[in-house]
Amino acid sequence: MENRIDSMTPTAPFDAEKAEAAAWFRTLRDRIVEAFEALEDSHAQGPFSDMAPGRFEVSETRRASDDGSDAGGGLMSVMRGGRVFEKVGVNVSEVFGTLAPRAQAAMAARKGIPGMAEDPRFWASGISLVAHMQNPHVPAVHMNTRMFWTPHAWWFGGGSDLNPCIEYDEDTAHFHATQQAHLDPHGAGHYPRLKAWADEYFFIPHRGRARGVGGIFMDDHCTGDWAADFALTRDIGQAFLPAYLPLVERRRTQPFDDADKDAQLVHRGLYAEYNLVYDRGTKFGLETGHDANAVLMSLPPLAKWI
């Protein structure tokens with residue numbers, strides 16, 4: 001897909017912009033955590049309603065530089081064994097330091113940014129969410145948005161995609177329509193471009209299929225207008241709850257059988273394969289020494305391969 005960085009000149013420190021972006025990702029995290037715990041509280045009938053409502057366990061994550069100095073961190077928020085959510089993680093991070101040679105080479109090769117070896121400093125902040133559901137009729141979902149800065153370029157990335165094991169056309173249509181409604185005010189071309197990008201990015205080559213029913217995705221997004229690019233990124237995040245919550249409300253009380261649960265576990269295996277083999281965020285988090293539990297919170301609690 002289109003790379004928006006190749007015309008960028010060396011960047012300013014962007015301290016105010018970094019702080020604003022990091023604060024927004026934290027605000028979005030707080031909204032989602034509150035909404036998900038409210039779903040747990042309101043689940044009064046249907047499968048799993050006799051269980052105690054789930055709550056997020058929150059812990060800080062910290063990184064250290066090679067010399068032991070502070071390199072940032074974040075908040076890892078994970079709920080396990082709830083009424084609605086079998087496992088869901090909503091993480092935020094703000095990290096900084098210097099990119100190791102392998103990360104430098106990968107970034108330079110993909111983005112065409114000169115000067116990384118001479119000055120490999122970086123700063124990154126974002127939110128990352130993955131939800132695996134108790135009821136197999138409720139789709140799993142992924143969302144993340146992020147900002148990345150180096151002395152040579154800055155950019156935004158992220159999106160969200162739906163991963164049902166049992167597909168419902170009306171759920172897919174609602175998810176996509178809500179995302180389009182949030183993107184269209186920024187320009188009519190954004191939604192079709194980001195939808196096509198998601199279809200390409202979330203494809204699993206060794207299986208010859210997509211991991212779900214798509215959504216939106218962008219990376220390396222930098223028009224040179226930070227405020228406009230940040231506004232687009234915010235609306236990608238703000239589309240998430242109205243796109244997803246109605247699907248949970250619609251499906252969480254549906255009865256299911258062993259065959260439905262088996263289909264869910266097999267689909268989770270597909271999801272795990274993608275995240276471990278192809279996902280850029282997983283690779284970047286492990287390469288830069290971020291907390292492995294936070295990086296791998298996307299993995300399902302149970303999965304099956306046949």
# chains A, B, ... in the order shown; residues from 1 in each chain; ligands from 1
call {"tool": "select_by_dssp", "arguments": {"residues": "stretch 103-269 of chain A", "states": "strand (DSSP E or B)", "output": "PyMOL selection string"}}
result
chain A and resi 121-133+140-149+154-163+203-204+209-210+214-221
call {"tool": "write_last_selection", "arguments": {"atoms": "N, CA and C atoms", "output": "CSV table (one decimal), in the first residue's frame"}}
result
chain,number,residue,atom,x,y,z
A,121,ARG,N,17.4,7.1,17.5
A,121,ARG,CA,16.5,7.4,18.5
A,121,ARG,C,15.0,7.2,18.0
A,122,PHE,N,14.1,6.8,18.9
A,122,PHE,CA,12.7,6.7,18.6
A,122,PHE,C,11.9,7.0,19.8
A,123,TRP,N,10.6,7.3,19.5
A,123,TRP,CA,9.6,7.5,20.6
A,123,TRP,C,8.3,6.9,19.9
A,124,ALA,N,7.5,6.2,20.7
A,124,ALA,CA,6.3,5.6,20.2
A,124,ALA,C,5.3,5.5,21.3
A,125,SER,N,4.0,5.8,21.0
A,125,SER,CA,2.9,5.6,21.9
A,125,SER,C,1.7,5.1,21.2
A,126,GLY,N,0.9,4.3,21.9
A,126,GLY,CA,-0.3,3.8,21.3
A,126,GLY,C,-1.2,3.0,22.2
A,127,ILE,N,-2.3,2.6,21.7
A,127,ILE,CA,-3.2,1.7,22.4
A,127,ILE,C,-3.4,0.5,21.5
A,128,SER,N,-3.5,-0.7,22.2
A,128,SER,CA,-3.7,-2.0,21.5
A,128,SER,C,-4.7,-2.8,22.3
A,129,LEU,N,-5.7,-3.3,21.5
A,129,LEU,CA,-6.8,-4.1,22.1
A,129,LEU,C,-7.1,-5.3,21.4
A,130,VAL,N,-7.2,-6.4,22.1
A,130,VAL,CA,-7.7,-7.7,21.5
A,130,VAL,C,-8.7,-8.3,22.4
A,131,ALA,N,-9.9,-8.7,21.9
A,131,ALA,CA,-10.9,-9.3,22.8
A,131,ALA,C,-11.3,-10.7,22.2
A,132,HIS,N,-11.2,-11.7,23.1
A,132,HIS,CA,-11.7,-13.0,22.8
A,132,HIS,C,-12.9,-13.3,23.7
A,133,MET,N,-14.0,-13.7,23.1
A,133,MET,CA,-15.3,-13.7,23.8
A,133,MET,C,-15.7,-15.1,24.3
A,140,ALA,N,-14.7,-12.0,17.9
A,140,ALA,CA,-13.4,-11.5,18.5
A,140,ALA,C,-13.1,-10.2,17.7
A,141,VAL,N,-12.3,-9.3,18.3
A,141,VAL,CA,-12.0,-8.0,17.7
A,141,VAL,C,-10.6,-7.5,18.0
A,142,HIS,N,-10.0,-6.8,17.2
A,142,HIS,CA,-8.7,-6.2,17.4
A,142,HIS,C,-8.8,-4.7,17.0
A,143,MET,N,-8.1,-3.8,17.8
A,143,MET,CA,-8.0,-2.4,17.5
A,143,MET,C,-6.7,-1.9,18.0
A,144,ASN,N,-6.0,-1.1,17.2
A,144,ASN,CA,-4.9,-0.3,17.8
A,144,ASN,C,-4.7,1.0,17.0
A,145,THR,N,-4.2,2.0,17.7
A,145,THR,CA,-3.8,3.2,17.0
A,145,THR,C,-2.5,3.6,17.7
A,146,ARG,N,-1.6,4.3,16.9
A,146,ARG,CA,-0.3,4.6,17.5
A,146,ARG,C,0.3,5.8,16.7
A,147,MET,N,1.3,6.4,17.4
A,147,MET,CA,2.1,7.4,16.8
A,147,MET,C,3.6,7.0,17.0
A,148,PHE,N,4.4,7.2,16.0
A,148,PHE,CA,5.8,6.9,16.0
A,148,PHE,C,6.6,8.1,15.6
A,149,TRP,N,7.7,8.4,16.3
A,149,TRP,CA,8.6,9.5,16.0
A,149,TRP,C,10.0,9.1,16.0
A,154,TRP,N,8.0,11.2,11.3
A,154,TRP,CA,7.0,10.8,12.2
A,154,TRP,C,5.8,10.2,11.4
A,155,TRP,N,5.0,9.4,12.0
A,155,TRP,CA,3.9,8.9,11.3
A,155,TRP,C,2.9,8.3,12.3
A,156,PHE,N,1.7,8.1,11.8
A,156,PHE,CA,0.6,7.4,12.6
A,156,PHE,C,0.3,6.1,11.9
A,157,GLY,N,-0.4,5.2,12.7
A,157,GLY,CA,-0.8,3.9,12.1
A,157,GLY,C,-2.0,3.4,13.0
A,158,GLY,N,-2.6,2.4,12.5
A,158,GLY,CA,-3.6,1.7,13.3
A,158,GLY,C,-4.9,1.3,12.5
A,159,GLY,N,-5.8,0.8,13.2
A,159,GLY,CA,-7.1,0.4,12.6
A,159,GLY,C,-7.8,-0.6,13.5
A,160,SER,N,-8.9,-1.2,13.0
A,160,SER,CA,-9.6,-2.2,13.8
A,160,SER,C,-10.2,-3.2,12.8
A,161,ASP,N,-10.2,-4.5,13.2
A,161,ASP,CA,-10.8,-5.5,12.3
A,161,ASP,C,-11.6,-6.5,13.1
A,162,LEU,N,-12.6,-7.1,12.5
A,162,LEU,CA,-13.5,-8.0,13.1
A,162,LEU,C,-13.1,-9.4,12.8
A,163,ASN,N,-13.2,-10.3,13.8
A,163,ASN,CA,-12.7,-11.7,13.6
A,163,ASN,C,-13.7,-12.7,14.1
A,203,PHE,N,-4.3,-10.6,5.8
A,203,PHE,CA,-4.4,-11.9,5.0
A,203,PHE,C,-3.3,-12.8,5.5
A,204,ILE,N,-3.6,-14.1,5.6
A,204,ILE,CA,-2.6,-15.1,6.1
A,204,ILE,C,-2.1,-15.9,4.9
A,209,ARG,N,-6.0,-17.3,3.2
A,209,ARG,CA,-7.3,-16.7,3.6
A,209,ARG,C,-7.1,-15.5,4.6
A,210,ALA,N,-8.1,-14.7,4.7
A,210,ALA,CA,-8.1,-13.6,5.7
A,210,ALA,C,-8.3,-14.2,7.1
A,214,GLY,N,-12.3,-8.4,8.0
A,214,GLY,CA,-11.7,-7.1,7.7
A,214,GLY,C,-12.1,-5.9,8.5
A,215,GLY,N,-11.8,-4.7,8.1
A,215,GLY,CA,-12.0,-3.5,8.8
A,215,GLY,C,-11.2,-2.4,8.1
A,216,ILE,N,-10.4,-1.7,8.9
A,216,ILE,CA,-9.6,-0.6,8.3
A,216,ILE,C,-8.2,-0.7,8.9
A,217,PHE,N,-7.2,-0.3,8.2
A,217,PHE,CA,-5.8,-0.3,8.6
A,217,PHE,C,-5.0,0.7,7.8
A,218,MET,N,-4.1,1.3,8.6
A,218,MET,CA,-3.1,2.2,7.9
A,218,MET,C,-1.8,2.1,8.7
A,219,ASP,N,-0.7,2.5,8.0
A,219,ASP,CA,0.6,2.6,8.6
A,219,ASP,C,1.3,3.6,7.8
A,220,ASP,N,2.4,4.1,8.4
A,220,ASP,CA,3.3,5.1,7.8
A,220,ASP,C,2.5,6.4,7.3
A,221,HIS,N,1.5,6.7,8.0
A,221,HIS,CA,0.6,7.8,7.6
A,221,HIS,C,1.2,9.2,8.0
call {"tool": "select_by_dssp", "arguments": {"residues": "stretch 161-265 of chain A", "states": "helix (DSSP H, G or I)", "output": "PyMOL selection string"}}
result
chain A and resi 169-186+190-201+226-238+240-251+258-265
call {"tool": "closest_residue", "arguments": {"among": "A:His43, A:Gly97, A:His190, A:Gly112", "to": "A:Gly68", "atoms": "only C-alpha atoms"}}
result
A:Gly97
call {"tool": "residues_around", "arguments": {"residues": "stretch 164-167 of chain A", "least_positions_apart": "4", "cutoff": "6 Å", "atoms": "only C-alpha atoms", "output": "list of chain:residue names"}}
result
A:His137, A:Pro139, A:Ala140, A:Gln264, A:His267
call {"tool": "write_last_selection", "arguments": {"atoms": "N, CA, C and O atoms", "output": "PDB file, in the first residue's frame"}}
result
ATOM      1  N   HIS A 137     -20.770 -16.874  19.248  1.00  0.00           N
ATOM      2  CA  HIS A 137     -21.517 -16.025  18.318  1.00  0.00           C
ATOM      3  C   HIS A 137     -21.057 -14.569  18.372  1.00  0.00           C
ATOM      4  O   HIS A 137     -21.344 -13.807  17.439  1.00  0.00           O
ATOM      5  N   PRO A 139     -18.253 -11.899  17.961  1.00  0.00           N
ATOM      6  CA  PRO A 139     -16.971 -11.909  17.257  1.00  0.00           C
ATOM      7  C   PRO A 139     -15.819 -11.407  18.112  1.00  0.00           C
ATOM      8  O   PRO A 139     -15.980 -10.493  18.930  1.00  0.00           O
ATOM      9  N   ALA A 140     -14.661 -12.022  17.924  1.00  0.00           N
ATOM     10  CA  ALA A 140     -13.426 -11.452  18.460  1.00  0.00           C
ATOM     11  C   ALA A 140     -13.121 -10.166  17.689  1.00  0.00           C
ATOM     12  O   ALA A 140     -13.601  -9.956  16.570  1.00  0.00           O
ATOM     13  N   GLN A 264     -14.989 -21.910  17.258  1.00  0.00           N
ATOM     14  CA  GLN A 264     -14.317 -20.761  17.865  1.00  0.00           C
ATOM     15  C   GLN A 264     -12.857 -21.081  18.183  1.00  0.00           C
ATOM     16  O   GLN A 264     -11.954 -20.278  17.911  1.00  0.00           O
ATOM     17  N   HIS A 267     -10.776 -21.235  15.036  1.00  0.00           N
ATOM     18  CA  HIS A 267     -10.539 -19.892  14.507  1.00  0.00           C
ATOM     19  C   HIS A 267      -9.505 -19.145  15.340  1.00  0.00           C
ATOM     20  O   HIS A 267      -8.701 -18.378  14.799  1.00  0.00           O
TER      21      HIS A 267
END
call {"tool": "residues_around", "arguments": {"residues": "A:Arg268", "least_positions_apart": "2", "cutoff": "9 Å", "atoms": "only C-alpha atoms", "output": "mmCIF file with N, CA, C and O atoms, in the first residue's frame"}}
result
data_model
loop_
_atom_site.group_PDB
_atom_site.id
_atom_site.type_symbol
_atom_site.label_atom_id
_atom_site.label_comp_id
_atom_site.auth_asym_id
_atom_site.auth_seq_id
_atom_site.Cartn_x
_atom_site.Cartn_y
_atom_site.Cartn_z
ATOM 1 N N HIS A 132 -11.226 -11.661 23.096
ATOM 2 C CA HIS A 132 -11.691 -13.020 22.807
ATOM 3 C C HIS A 132 -12.902 -13.290 23.702
ATOM 4 O O HIS A 132 -12.835 -13.116 24.922
ATOM 5 N N ALA A 140 -14.661 -12.022 17.924
ATOM 6 C CA ALA A 140 -13.426 -11.452 18.460
ATOM 7 C C ALA A 140 -13.121 -10.166 17.689
ATOM 8 O O ALA A 140 -13.601 -9.956 16.570
ATOM 9 N N CYS A 165 -15.840 -16.163 14.381
ATOM 10 C CA CYS A 165 -15.719 -17.568 13.968
ATOM 11 C C CYS A 165 -17.014 -18.033 13.315
ATOM 12 O O CYS A 165 -17.012 -18.983 12.538
ATOM 13 N N ALA A 263 -15.649 -24.519 16.631
ATOM 14 C CA ALA A 263 -15.332 -23.591 15.545
ATOM 15 C C ALA A 263 -14.595 -22.365 16.074
ATOM 16 O O ALA A 263 -13.677 -21.837 15.433
ATOM 17 N N GLN A 264 -14.989 -21.910 17.258
ATOM 18 C CA GLN A 264 -14.317 -20.761 17.865
ATOM 19 C C GLN A 264 -12.857 -21.081 18.183
ATOM 20 O O GLN A 264 -11.954 -20.278 17.911
ATOM 21 N N LEU A 265 -12.608 -22.250 18.758
ATOM 22 C CA LEU A 265 -11.239 -22.608 19.135
ATOM 23 C C LEU A 265 -10.347 -22.772 17.913
ATOM 24 O O LEU A 265 -9.172 -22.378 17.927
ATOM 25 N N VAL A 266 -10.879 -23.342 16.852
ATOM 26 C CA VAL A 266 -10.103 -23.493 15.620
ATOM 27 C C VAL A 266 -9.787 -22.124 15.021
ATOM 28 O O VAL A 266 -8.664 -21.863 14.564
ATOM 29 N N LEU A 270 -6.081 -19.857 14.159
ATOM 30 C CA LEU A 270 -5.750 -19.029 12.994
ATOM 31 C C LEU A 270 -5.280 -17.647 13.438
ATOM 32 O O LEU A 270 -4.289 -17.105 12.925
ATOM 33 N N TYR A 271 -5.981 -17.066 14.398
ATOM 34 C CA TYR A 271 -5.633 -15.745 14.909
ATOM 35 C C TYR A 271 -4.239 -15.759 15.538
ATOM 36 O O TYR A 271 -3.429 -14.861 15.316
ATOM 37 N N ALA A 272 -3.959 -16.792 16.329
ATOM 38 C CA ALA A 272 -2.650 -16.893 16.980
ATOM 39 C C ALA A 272 -1.539 -17.029 15.943
ATOM 40 O O ALA A 272 -0.469 -16.419 16.084
ATOM 41 N N GLU A 273 -1.766 -17.813 14.898
ATOM 42 C CA GLU A 273 -0.754 -17.960 13.848
ATOM 43 C C GLU A 273 -0.410 -16.613 13.234
ATOM 44 O O GLU A 273 0.764 -16.270 13.042
ATOM 45 N N LEU A 299 -2.853 -13.056 22.413
ATOM 46 C CA LEU A 299 -3.079 -14.485 22.207
ATOM 47 C C LEU A 299 -4.292 -14.971 23.000
ATOM 48 O O LEU A 299 -4.522 -14.542 24.130
ATOM 49 N N PRO A 300 -5.083 -15.853 22.416
ATOM 50 C CA PRO A 300 -6.298 -16.333 23.091
ATOM 51 C C PRO A 300 -5.962 -17.244 24.255
ATOM 52 O O PRO A 300 -4.902 -17.866 24.308
ATOM 53 N N LEU A 302 -7.491 -20.052 25.034
ATOM 54 C CA LEU A 302 -7.596 -21.419 24.549
ATOM 55 C C LEU A 302 -7.699 -21.369 23.023
ATOM 56 O O LEU A 302 -8.333 -20.469 22.473
ATOM 57 N N ALA A 303 -7.074 -22.336 22.362
ATOM 58 C CA ALA A 303 -7.157 -22.411 20.904
ATOM 59 C C ALA A 303 -7.006 -23.874 20.510
ATOM 60 O O ALA A 303 -6.665 -24.732 21.327
ATOM 61 N N LYS A 304 -7.258 -24.162 19.229
ATOM 62 C CA LYS A 304 -7.218 -25.548 18.777
ATOM 63 C C LYS A 304 -6.703 -25.588 17.333
ATOM 64 O O LYS A 304 -7.011 -24.723 16.530
ATOM 65 N N TRP A 305 -5.898 -26.591 17.054
ATOM 66 C CA TRP A 305 -5.451 -26.835 15.677
ATOM 67 C C TRP A 305 -5.885 -28.238 15.260
ATOM 68 O O TRP A 305 -5.858 -29.162 16.065
#
call {"tool": "residues_around", "arguments": {"residues": "stretch 277-286 of chain A", "least_positions_apart": "4", "cutoff": "9 Å", "atoms": "only C-alpha atoms", "output": "list of chain:residue names"}}
result
A:Ala103, A:Tyr201, A:Phe202, A:Ile204, A:Ala272, A:Glu273, A:His290, A:Asp291, A:Ala292, A:Ala294, A:Val295, A:Leu296, A:Ser298
call {"tool": "closest_residue", "arguments": {"among": "A:Thr178, A:Ser42, A:Thr98, A:Ser49", "to": "A:Pro255", "atoms": "only C-alpha atoms"}}
result
A:Ser49
call {"tool": "residues_around", "arguments": {"residues": "A:Arg193", "least_positions_apart": "2", "cutoff": "12 Å", "atoms": "only C-alpha atoms", "output": "list of chain:residue names"}}
result
A:Met1, A:Glu2, A:Gln180, A:Leu183, A:Asp184, A:Gly187, A:Ala188, A:Gly189, A:His190, A:Tyr191, A:Lys195, A:Ala196, A:Trp197, A:Ala198, A:Asp199, A:Glu200, A:Gly215, A:Ile216, A:Phe217, A:Met218, A:Asp219
call {"tool": "closest_atom_pairs", "arguments": {"of": "stretch 233-260 of chain A", "to": "stretch 14-36 of chain A", "cutoff": "9 Å", "atoms": "only C-alpha atoms", "output": "tab-separated table"}}
result
residue	atom	partner	partner_atom	distance
A:Arg234	CA	A:Trp24	CA	7.8
A:Gly237	CA	A:Leu28	CA	7.2
A:Gln238	CA	A:Leu28	CA	7.7
A:Phe240	CA	A:Ile32	CA	8.9
A:Leu241	CA	A:Ile32	CA	7.2
A:Leu245	CA	A:Ala35	CA	8.5
call {"tool": "closest_residue", "arguments": {"among": "A:Pro151, A:Pro53, A:Pro185, A:Pro136", "to": "A:Pro13", "atoms": "only C-alpha atoms"}}
result
A:Pro151
call {"tool": "residues_around", "arguments": {"residues": "A:Gly74", "least_positions_apart": "6", "cutoff": "6 Å", "atoms": "only C-alpha atoms", "output": "list of chain:residue names"}}
result
A:Glu60, A:Thr61, A:Val92, A:Ser93, A:Glu94
call {"tool": "write_last_selection", "arguments": {"atoms": "N, CA, C and O atoms", "output": "PDB file, in the first residue's frame"}}
result
ATOM      1  N   GLU A  60       1.428  -1.996  35.719  1.00  0.00           N
ATOM      2  CA  GLU A  60       2.355  -1.161  34.971  1.00  0.00           C
ATOM      3  C   GLU A  60       3.393  -2.025  34.282  1.00  0.00           C
ATOM      4  O   GLU A  60       3.798  -3.069  34.795  1.00  0.00           O
ATOM      5  N   THR A  61       3.803  -1.592  33.096  1.00  0.00           N
ATOM      6  CA  THR A  61       4.920  -2.227  32.406  1.00  0.00           C
ATOM      7  C   THR A  61       6.039  -1.200  32.271  1.00  0.00           C
ATOM      8  O   THR A  61       5.773  -0.013  32.073  1.00  0.00           O
ATOM      9  N   VAL A  92      -1.931   0.375  26.883  1.00  0.00           N
ATOM     10  CA  VAL A  92      -1.387   1.623  26.369  1.00  0.00           C
ATOM     11  C   VAL A  92       0.092   1.667  26.722  1.00  0.00           C
ATOM     12  O   VAL A  92       0.523   1.113  27.744  1.00  0.00           O
ATOM     13  N   SER A  93       0.865   2.326  25.872  1.00  0.00           N
ATOM     14  CA  SER A  93       2.297   2.414  26.128  1.00  0.00           C
ATOM     15  C   SER A  93       2.850   3.728  25.596  1.00  0.00           C
ATOM     16  O   SER A  93       2.284   4.336  24.679  1.00  0.00           O
ATOM     17  N   GLU A  94       3.939   4.141  26.186  1.00  0.00           N
ATOM     18  CA  GLU A  94       4.734   5.269  25.709  1.00  0.00           C
ATOM     19  C   GLU A  94       6.184   4.895  25.959  1.00  0.00           C
ATOM     20  O   GLU A  94       6.627   4.813  27.113  1.00  0.00           O
TER      21      GLU A  94
END
call {"tool": "closest_residue", "arguments": {"among": "A:Pro120, A:Pro246, A:Gly46, A:Gly73", "to": "A:Ala100", "atoms": "only C-alpha atoms"}}
result
A:Pro120
call {"tool": "closest_residue", "arguments": {"among": "A:Val138, A:Leu276, A:Val58, A:Leu247", "to": "A:Arg80", "atoms": "only C-alpha atoms"}}
result
A:Val58
